[in-house]
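Report on one structure; see the data block that follows.
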Amino acid sequence: MNWYDKLNQYFPVEEMKSQEHMELLLEDKGDIYHKDEGPHHVLMYVELDDFIFIDYLFVSKESRGQGLGKKLLQKLKEKGKPIILEVEPVDYEDSDTEKRQRFYRREGFKHASKIGYQRRSLATDKVNVMEILYWAPKGESEESIYENMKKTYNEIHTYKDKELYGRAYQDVADVLTFQHDKDAITE
């Protein structure tokens with residue numbers, strides 16, 4: 001089974017980019033968009049100067065619990081940059097969502113509670129709500145994580161979307177929101 005099939009079997013259709021989209025990112029943006037694959041894993045990620053975004057992390061069922069996911073994250077953590085990823089909110093009818101969240105918390109990731117993220121899937125037209133998790137080695141703020149998420153959305157998620165899907169994803173301002181502190185001055 002090839003790398004895309006592994007991802008496609010594991011991730012919900014609402015979260016998946018098309019194979020053509022990912023191959024185009026690897027080809028056109030190969031300086032920042034990377035694939036790390038092995039017999040039991042696929043890791044797709046973006047690395048910019050000031051942060052890393054994990055697009056997809058798949059570890060095969062038979063390899064879970066053996067430290068492979070931890071090793072892959074450790075390799076990224078060694079770069080000393082904040083790491084950001086999207087994850088499904090816990091669904092108590094799907095134990096995998098809870099296991100995923102628990103895994104990332106154990107690895108030092110925090111929930112970006114001030115960041116809202118909901119995007120309409122071009123595949124299903126369903127609104128998909130996700131949570132943003134982040135690892136901040138130097139105590140980076142949620143506001144900086146939010147700004148980096150906007151960069152990721154604009155440069156990666158919507159890359160050539162009209163060409164690839166026949167229509168565009170929503171504008172970043174309609175997908176990502178930031179909840180400022182209540183006592184902060186609003187414009």
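Residue numbering restarts at 1 for every chain of the structure tokens, chains are lettered A, B, ... in their displayed order, and ligands are numbered from 1 as they appear.
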Spatial neighbours of region 77-88 of chain A, 6 Å, only C-alpha atoms, chain gap at least 3 places, as a PDB file with N, CA and C atoms, in the first residue's frame:
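part26.pdb, written as the output of this step:
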```pdb
ATOM      1  N   PHE A  51       8.637  27.847  12.450  1.00  0.00           N
ATOM      2  CA  PHE A  51       7.740  26.832  12.997  1.00  0.00           C
ATOM      3  C   PHE A  51       7.624  25.628  12.070  1.00  0.00           C
ATOM      4  N   ILE A  52       7.033  24.557  12.636  1.00  0.00           N
ATOM      5  CA  ILE A  52       6.745  23.324  11.893  1.00  0.00           C
ATOM      6  C   ILE A  52       5.250  23.073  12.026  1.00  0.00           C
ATOM      7  N   PHE A  53       4.615  22.670  10.931  1.00  0.00           N
ATOM      8  CA  PHE A  53       3.217  22.280  10.963  1.00  0.00           C
ATOM      9  C   PHE A  53       3.130  20.826  10.525  1.00  0.00           C
ATOM     10  N   ILE A  54       2.549  19.975  11.368  1.00  0.00           N
ATOM     11  CA  ILE A  54       2.349  18.568  10.999  1.00  0.00           C
ATOM     12  C   ILE A  54       1.021  18.474  10.259  1.00  0.00           C
ATOM     13  N   GLN A  74       9.996  13.519  18.236  1.00  0.00           N
ATOM     14  CA  GLN A  74      11.281  13.919  18.832  1.00  0.00           C
ATOM     15  C   GLN A  74      12.219  14.492  17.765  1.00  0.00           C
ATOM     16  N   MET A 130     -12.011  21.598  14.032  1.00  0.00           N
ATOM     17  CA  MET A 130     -10.771  20.977  14.502  1.00  0.00           C
ATOM     18  C   MET A 130     -10.224  21.793  15.663  1.00  0.00           C
ATOM     19  N   GLU A 131      -9.379  21.145  16.465  1.00  0.00           N
ATOM     20  CA  GLU A 131      -8.672  21.841  17.528  1.00  0.00           C
ATOM     21  C   GLU A 131      -7.219  22.001  17.097  1.00  0.00           C
ATOM     22  N   ILE A 132      -6.610  23.083  17.518  1.00  0.00           N
ATOM     23  CA  ILE A 132      -5.202  23.326  17.233  1.00  0.00           C
ATOM     24  C   ILE A 132      -4.411  22.944  18.482  1.00  0.00           C
ATOM     25  N   LEU A 133      -3.427  22.067  18.297  1.00  0.00           N
ATOM     26  CA  LEU A 133      -2.508  21.708  19.368  1.00  0.00           C
ATOM     27  C   LEU A 133      -1.142  22.256  18.995  1.00  0.00           C
ATOM     28  N   TYR A 134      -0.353  22.598  20.013  1.00  0.00           N
ATOM     29  CA  TYR A 134       0.974  23.126  19.715  1.00  0.00           C
ATOM     30  C   TYR A 134       1.962  22.758  20.812  1.00  0.00           C
ATOM     31  N   TRP A 135       3.222  22.684  20.398  1.00  0.00           N
ATOM     32  CA  TRP A 135       4.347  22.467  21.296  1.00  0.00           C
ATOM     33  C   TRP A 135       5.215  23.715  21.166  1.00  0.00           C
ATOM     34  N   ALA A 136       5.457  24.388  22.282  1.00  0.00           N
ATOM     35  CA  ALA A 136       6.152  25.683  22.251  1.00  0.00           C
ATOM     36  C   ALA A 136       7.418  25.613  23.100  1.00  0.00           C
TER      37      ALA A 136
END
```
>> Which residues are near region 2-4 of chain A? Cut-off 8 Å, only C-alpha atoms, ignore same chain within fewer than 3 positions. Put them as a PyMOL selection string.
In response: chain A and resi 7-8+19+37+42
> Per DSSP on the backbone, what are the strand (DSSP E) residues of region 47-108 of chain A, as an NGL selection string?
Replying inline: :A and (47 or 52-59 or 83-87)
Suppose we keep N, CA and C atoms; can you now write the selection as a compact mmCIF listing (two decimals), in the first residue's frame?
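For reference, result14.txt as written:
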```txt
# COMPACT_ATOMS: atom_id res chain seq x y z
N GLU A 47 7.91 22.77 7.08
CA GLU A 47 8.91 23.40 7.93
C GLU A 47 9.28 24.76 7.36
N ILE A 52 7.03 24.56 12.64
CA ILE A 52 6.75 23.32 11.89
C ILE A 52 5.25 23.07 12.03
N PHE A 53 4.62 22.67 10.93
CA PHE A 53 3.22 22.28 10.96
C PHE A 53 3.13 20.83 10.52
N ILE A 54 2.55 19.97 11.37
CA ILE A 54 2.35 18.57 11.00
C ILE A 54 1.02 18.47 10.26
N ASP A 55 1.09 18.14 8.98
CA ASP A 55 -0.10 18.02 8.16
C ASP A 55 -0.78 16.67 8.42
N TYR A 56 -0.01 15.59 8.42
CA TYR A 56 -0.53 14.25 8.70
C TYR A 56 0.54 13.44 9.41
N LEU A 57 0.13 12.70 10.42
CA LEU A 57 1.01 11.74 11.08
C LEU A 57 0.23 10.44 11.22
N PHE A 58 0.70 9.42 10.52
CA PHE A 58 0.07 8.10 10.55
C PHE A 58 1.09 7.08 11.05
N VAL A 59 0.69 6.29 12.03
CA VAL A 59 1.48 5.15 12.50
C VAL A 59 0.55 3.94 12.39
N ILE A 83 5.83 23.53 17.16
CA ILE A 83 5.19 22.55 16.28
C ILE A 83 3.68 22.71 16.45
N ILE A 84 2.97 22.78 15.32
CA ILE A 84 1.53 22.99 15.32
C ILE A 84 0.87 21.84 14.56
N LEU A 85 -0.31 21.45 15.01
CA LEU A 85 -1.08 20.46 14.27
C LEU A 85 -2.56 20.63 14.54
N GLU A 86 -3.37 20.07 13.66
CA GLU A 86 -4.82 20.08 13.81
C GLU A 86 -5.24 18.69 14.26
N VAL A 87 -6.21 18.62 15.16
CA VAL A 87 -6.69 17.33 15.63
C VAL A 87 -8.20 17.42 15.86
```
> Smallest atom-to-atom distance to Leu72 (chain A): which of A:Ala123, A:Met44, A:His111, A:Asp49, using only C-alpha atoms?
Replying inline: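 Using only C-alpha atoms, the shortest distance to Leu72 (chain A) belongs to A:Met44.
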>> Taking only C-alpha atoms into account, name the residue in A:Leu164, A:Leu24, A:Met16, A:Leu68 that is nearest to His41 (chain A).
In response: A:Leu68
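Take CA of Gly69 (chain A) and CA of Gln118 (chain A): the distance between them is 26.0 Å.
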Skip region 172-179 of chain A itself and residues of its chain fewer than 4 positions away, then list as an mmCIF file with C-alpha atoms, in the first residue's frame all residues within 9 Å of it, counting only C-alpha atoms.
```cif
data_model
loop_
_atom_site.group_PDB
_atom_site.id
_atom_site.type_symbol
_atom_site.label_atom_id
_atom_site.label_comp_id
_atom_site.auth_asym_id
_atom_site.auth_seq_id
_atom_site.Cartn_x
_atom_site.Cartn_y
_atom_site.Cartn_z
ATOM 1 C CA SER A 113 -7.959 27.289 23.464
ATOM 2 C CA LYS A 114 -8.064 30.828 22.042
ATOM 3 C CA ILE A 115 -7.932 29.606 18.424
ATOM 4 C CA GLY A 116 -11.104 28.553 16.650
ATOM 5 C CA TYR A 117 -10.841 26.486 13.464
ATOM 6 C CA GLN A 118 -13.656 25.330 11.240
ATOM 7 C CA ARG A 119 -13.419 24.697 7.535
ATOM 8 C CA ARG A 120 -15.952 23.508 5.001
ATOM 9 C CA GLU A 142 -1.106 31.375 21.227
ATOM 10 C CA GLU A 143 -1.235 34.556 19.163
ATOM 11 C CA TYR A 146 -2.514 31.651 15.347
ATOM 12 C CA MET A 149 -1.676 28.707 11.377
ATOM 13 C CA LYS A 150 -2.916 31.457 9.049
ATOM 14 C CA TYR A 153 -3.744 27.719 5.710
ATOM 15 C CA ASN A 154 -2.884 30.256 3.005
#
```
> Could you pull out the alpha helix (DSSP H) residues of chain A from DSSP and send them as a ChimeraX atom specification?
Replying inline: /A:3-10,19-28,68-77,95-106,142-152,161-165,172-175
> Which one is closest to Asp31 (chain A): A:Tyr45, A:Phe103, A:Tyr169, A:Phe109? Count only C-alpha atoms.
Replying inline: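 Among the listed residues, the smallest separation from Asp31 (chain A) belongs to A:Tyr45.
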> Can you tell me, as an NGL selection string, what residues are no more than 10 Å from Met22 (chain A) when counting only C-alpha atoms, ignoring any on the same chain fewer than 6 positions away?
Replying inline: :A and (4 or 16 or 28-29 or 33-35 or 44 or 156-157 or 159)
> In terms of the shortest atom-to-atom distance over only C-alpha atoms, which of A:Thr97, A:Thr158, A:Thr152, A:Ser144 is closest to His21 (chain A)?
Replying inline: A:Thr158
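Residue nearest Ser121 (chain A), chosen from A:Asp5, A:Asp161, A:Glu20, A:Asp181 and counting only C-alpha atoms: A:Asp161.
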